[in-house]
>>> print(open('upload.cif').read())   # mmCIF, C-alpha atoms
data_protein
#
loop_
_atom_site.group_PDB
_atom_site.id
_atom_site.type_symbol
_atom_site.label_atom_id
_atom_site.label_comp_id
_atom_site.auth_asym_id
_atom_site.auth_seq_id
_atom_site.Cartn_x
_atom_site.Cartn_y
_atom_site.Cartn_z
ATOM 1 C CA MET A 162 67.492 -45.144 26.901
ATOM 2 C CA SER A 163 64.850 -42.423 27.139
ATOM 3 C CA SER A 164 61.385 -42.505 25.614
ATOM 4 C CA THR A 165 58.410 -40.224 25.146
ATOM 5 C CA ARG A 166 55.191 -40.488 27.101
ATOM 6 C CA THR A 167 53.824 -42.797 24.403
ATOM 7 C CA GLY A 168 56.847 -45.081 24.749
ATOM 8 C CA GLN A 169 58.697 -44.078 21.574
ATOM 9 C CA ASN A 170 62.491 -43.994 21.695
ATOM 10 C CA VAL A 171 63.882 -40.456 21.494
ATOM 11 C CA ASP A 172 67.601 -41.180 21.862
ATOM 12 C CA SER A 173 68.028 -41.013 18.101
ATOM 13 C CA GLN A 174 66.672 -37.451 17.846
ATOM 14 C CA PRO A 175 69.291 -34.920 16.684
ATOM 15 C CA LEU A 176 70.498 -32.249 19.046
ATOM 16 C CA PRO A 177 69.369 -28.678 18.314
ATOM 17 C CA ASN A 178 71.700 -26.844 15.962
ATOM 18 C CA ALA A 179 74.046 -24.150 17.252
ATOM 19 C CA ASP A 180 71.727 -21.284 16.200
ATOM 20 C CA ALA A 181 68.803 -22.748 18.123
ATOM 21 C CA ARG A 182 70.931 -23.192 21.255
ATOM 22 C CA THR A 183 72.324 -19.651 21.292
ATOM 23 C CA ILE A 184 68.952 -17.856 21.371
ATOM 24 C CA LEU A 185 67.862 -17.097 24.933
ATOM 25 C CA ARG A 186 64.303 -18.244 25.446
ATOM 26 C CA ALA A 187 62.964 -17.534 28.906
ATOM 27 C CA LYS A 188 59.231 -18.202 28.493
ATOM 28 C CA THR A 189 57.402 -21.535 28.388
ATOM 29 C CA VAL A 190 54.076 -22.369 26.766
ATOM 30 C CA ALA A 191 52.358 -25.554 27.922
ATOM 31 C CA THR A 192 49.376 -27.499 26.663
ATOM 32 C CA ARG A 193 47.720 -30.848 27.233
ATOM 33 C CA LEU A 194 47.252 -33.454 24.506
ATOM 34 C CA SER A 195 45.466 -36.768 24.379
ATOM 35 C CA ILE A 196 47.627 -39.829 23.763
ATOM 36 C CA GLU A 197 46.427 -39.918 20.164
ATOM 37 C CA GLU A 198 47.234 -36.233 19.640
ATOM 38 C CA LEU A 199 50.697 -36.697 21.128
ATOM 39 C CA GLU A 200 51.330 -39.646 18.831
ATOM 40 C CA GLU A 201 50.328 -37.476 15.842
ATOM 41 C CA VAL A 202 52.707 -34.741 16.959
ATOM 42 C CA GLU A 203 55.557 -37.169 17.578
ATOM 43 C CA SER A 204 55.023 -38.709 14.145
ATOM 44 C CA ALA A 205 55.263 -35.260 12.521
ATOM 45 C CA VAL A 206 58.368 -34.447 14.572
ATOM 46 C CA LYS A 207 60.049 -37.669 13.479
ATOM 47 C CA ARG A 208 59.053 -37.083 9.842
ATOM 48 C CA ASP A 209 60.607 -33.589 9.897
ATOM 49 C CA GLY A 210 63.772 -34.757 11.667
ATOM 50 C CA LYS A 211 63.567 -32.162 14.437
ATOM 51 C CA THR A 212 63.382 -32.296 18.183
ATOM 52 C CA LEU A 213 59.941 -31.940 19.732
ATOM 53 C CA ALA A 214 60.753 -28.441 21.033
ATOM 54 C CA GLU A 215 62.123 -27.275 17.670
ATOM 55 C CA TRP A 216 59.113 -28.628 15.787
ATOM 56 C CA LEU A 217 56.571 -27.130 18.196
ATOM 57 C CA ARG A 218 58.332 -23.751 18.212
ATOM 58 C CA ALA A 219 58.567 -23.613 14.409
ATOM 59 C CA THR A 220 54.956 -24.702 13.941
ATOM 60 C CA VAL A 221 53.548 -22.249 16.475
ATOM 61 C CA LEU A 222 55.593 -19.311 15.195
ATOM 62 C CA ARG A 223 54.819 -20.078 11.540
ATOM 63 C CA GLU A 224 51.108 -20.081 12.318
ATOM 64 C CA ALA A 225 51.324 -16.929 14.441
ATOM 65 C CA ARG A 226 53.255 -15.065 11.751
ATOM 66 C CA GLN A 227 51.013 -16.137 8.876
ATOM 67 C CA ARG A 228 47.815 -14.441 9.916
ATOM 68 C CA PRO A 229 47.247 -10.744 10.347
ATOM 69 C CA ALA A 230 46.199 -9.748 13.855
ATOM 70 C CA ASP A 231 43.360 -7.552 12.643
ATOM 71 C CA PRO A 232 41.766 -6.214 9.441
ATOM 72 C CA VAL A 233 43.873 -3.049 9.558
ATOM 73 C CA GLU A 234 47.025 -5.155 9.434
ATOM 74 C CA LEU A 235 45.645 -7.130 6.477
ATOM 75 C CA ILE A 236 44.751 -3.988 4.521
ATOM 76 C CA LEU A 237 48.105 -2.394 5.300
ATOM 77 C CA ALA A 238 49.881 -5.593 4.215
ATOM 78 C CA GLU A 239 48.059 -5.628 0.882
ATOM 79 C CA LEU A 240 48.747 -1.941 0.304
ATOM 80 C CA SER A 241 52.392 -2.464 1.156
ATOM 81 C CA ALA A 242 52.628 -5.390 -1.270
ATOM 82 C CA THR A 243 50.907 -3.393 -4.020
ATOM 83 C CA ARG A 244 53.271 -0.457 -3.513
ATOM 84 C CA SER A 245 56.295 -2.747 -3.517
ATOM 85 C CA MET A 246 55.154 -4.532 -6.669
ATOM 86 C CA LEU A 247 54.420 -1.280 -8.482
ATOM 87 C CA LEU A 248 57.761 0.308 -7.669
ATOM 88 C CA ASN A 249 59.713 -2.848 -8.479
ATOM 89 C CA CYS A 250 57.842 -3.342 -11.761
ATOM 90 C CA PHE A 251 58.598 0.264 -12.748
ATOM 91 C CA LEU A 252 62.258 -0.182 -11.861
ATOM 92 C CA SER A 253 62.578 -3.535 -13.635
ATOM 93 C CA THR A 254 60.824 -2.191 -16.735
ATOM 94 C CA ALA A 255 63.135 0.817 -16.851
ATOM 95 C CA GLN A 256 66.227 -1.365 -16.401
ATOM 96 C CA ALA A 257 65.044 -3.746 -19.118
ATOM 97 C CA GLY A 258 64.424 -0.778 -21.478
ATOM 98 C CA VAL A 259 67.910 0.592 -20.894
ATOM 99 C CA GLU A 260 69.330 -2.835 -21.716
ATOM 100 C CA GLY A 261 67.176 -3.078 -24.865
ATOM 101 C CA ARG A 262 64.995 -5.940 -23.695
ATOM 102 C CA GLN A 263 61.458 -6.483 -22.449
ATOM 103 C CA LEU A 264 60.343 -7.311 -18.938
ATOM 104 C CA LEU A 265 59.688 -11.053 -18.793
ATOM 105 C CA PRO A 266 56.500 -12.497 -17.262
ATOM 106 C CA GLU A 267 58.676 -14.601 -14.952
ATOM 107 C CA THR A 268 60.221 -11.409 -13.571
ATOM 108 C CA VAL A 269 56.777 -10.006 -12.788
ATOM 109 C CA LEU A 270 55.861 -13.237 -10.974
ATOM 110 C CA GLU A 271 59.098 -13.066 -8.969
ATOM 111 C CA ILE A 272 58.305 -9.468 -8.004
ATOM 112 C CA ARG A 273 54.812 -10.542 -6.901
ATOM 113 C CA ASP A 274 56.134 -13.472 -4.879
ATOM 114 C CA GLN A 275 58.725 -11.270 -3.160
ATOM 115 C CA ALA A 276 56.082 -8.668 -2.277
ATOM 116 C CA ASP A 277 53.746 -11.351 -0.908
ATOM 117 C CA ALA A 278 56.511 -12.908 1.166
ATOM 118 C CA GLN A 279 57.327 -9.598 2.861
ATOM 119 C CA LYS A 280 53.944 -7.902 3.164
ATOM 120 C CA LEU A 281 52.900 -8.990 6.672
ATOM 121 C CA GLN A 282 56.343 -8.324 8.121
ATOM 122 C CA LYS A 283 56.399 -4.835 6.584
ATOM 123 C CA ALA A 284 52.844 -4.066 7.727
ATOM 124 C CA ARG A 285 53.620 -5.117 11.287
ATOM 125 C CA LYS A 286 56.767 -2.995 11.292
ATOM 126 C CA MET A 287 54.827 0.041 10.031
ATOM 127 C CA LEU A 288 52.161 -0.443 12.699
ATOM 128 C CA GLN A 289 54.755 -0.865 15.450
ATOM 129 C CA GLU A 290 56.487 2.337 14.363
ATOM 130 C CA PHE A 291 53.163 4.154 14.181
ATOM 131 C CA TRP A 292 52.105 3.073 17.668
ATOM 132 C CA ALA A 293 55.531 3.873 19.085
ATOM 133 C CA GLN A 294 55.320 7.374 17.610
ATOM 134 C CA GLU A 295 51.771 7.774 18.933
ATOM 135 C CA GLY A 296 53.023 6.826 22.400
ATOM 136 C CA GLN A 297 55.828 9.397 22.210
ATOM 137 C CA ASN A 298 53.444 12.137 21.113
ATOM 138 C CA GLY A 299 50.874 11.302 23.758
ATOM 139 C CA GLY A 300 48.303 10.451 21.067
ATOM 140 C CA LYS A 301 48.712 13.816 19.325
ATOM 141 C CA SER A 302 49.663 13.722 15.664
#
>>> encode(input="upload.cif", output="structure tokens")
Amino acid sequence: MSSTRTGQNVDSQPLPNADARTILRAKTVATRLSIEELEEVESAVKRDGKTLAEWLRATVLREARQRPADPVELILAELSATRSMLLNCFLSTAQAGVEGRQLLPETVLEIRDQADAQKLQKARKMLQEFWAQEGQNGGKS
């Protein structure tokens, strides 16, 4: 029977799913926690029904992906979301008109939610492509 550093039994923890096992992860991130902090973490892990590694990875990546790295990324994300919302609202309005109906408020909210969900990812992709192109051109536009 194995247990954590705080003495809790971990034999009942589920094994990582097949997707988690197939991804090659070669880097390790370590930190130190007090006994109380570790107990808090282990309680959250147990509550979510994940292994400690899965929970830590998901929590760290969620936090890292939520925040823009700098103000430029934030502004680009908002502009990207605004553009996406505008184009999708135009398209949905036109489709609704062709079908003889009006665009519903719920549809507009769905369009907004979709744009918000994708804005940081799109902004980061645009910045990566921009910097890659800058590197290829030697800084010359």
>>> closest_residue(input="upload.cif", among="A:Ala191, A:Val221, A:Met287, A:Leu199", to="Val233 in chain A", atoms="only C-alpha atoms")
A:Met287
>>> atom_distance(input="upload.cif", atom1="CA of Leu237 in chain A", atom2="CA of Trp292 in chain A")
14.1 Å
>>> closest_residue(input="upload.cif", among="A:Asp277, A:Gln289, A:Phe251, A:Asn298", to="Gln227 in chain A", atoms="only C-alpha atoms")
A:Asp277
>>> residues_around(input="upload.cif", residues="Gln263 in chain A", least_positions_apart="4", cutoff="9 Å", atoms="all atoms listed in the file", output="compact mmCIF listing (two decimals) with C-alpha atoms, in the frame of the given file")
# COMPACT_ATOMS: atom_id res chain seq x y z
CA THR A 254 60.82 -2.19 -16.74
CA ALA A 257 65.04 -3.75 -19.12
CA GLY A 258 64.42 -0.78 -21.48
>>> atom_distance(input="upload.cif", atom1="CA of Ala187 in chain A", atom2="CA of Glu215 in chain A")
14.9 Å
>>> residues_around(input="upload.cif", residues="Leu288 in chain A", least_positions_apart="4", cutoff="12 Å", atoms="only C-alpha atoms", output="number ranges by chain")
A: 229-231, 233-238, 241, 281-284, 292-295
>>> atom_distance(input="upload.cif", atom1="CA of Glu203 in chain A", atom2="CA of Leu185 in chain A")
24.7 Å
>>> closest_residue(input="upload.cif", among="A:Leu240, A:Leu248, A:Val190, A:Ala276", to="Leu217 in chain A", atoms="only C-alpha atoms")
A:Val190
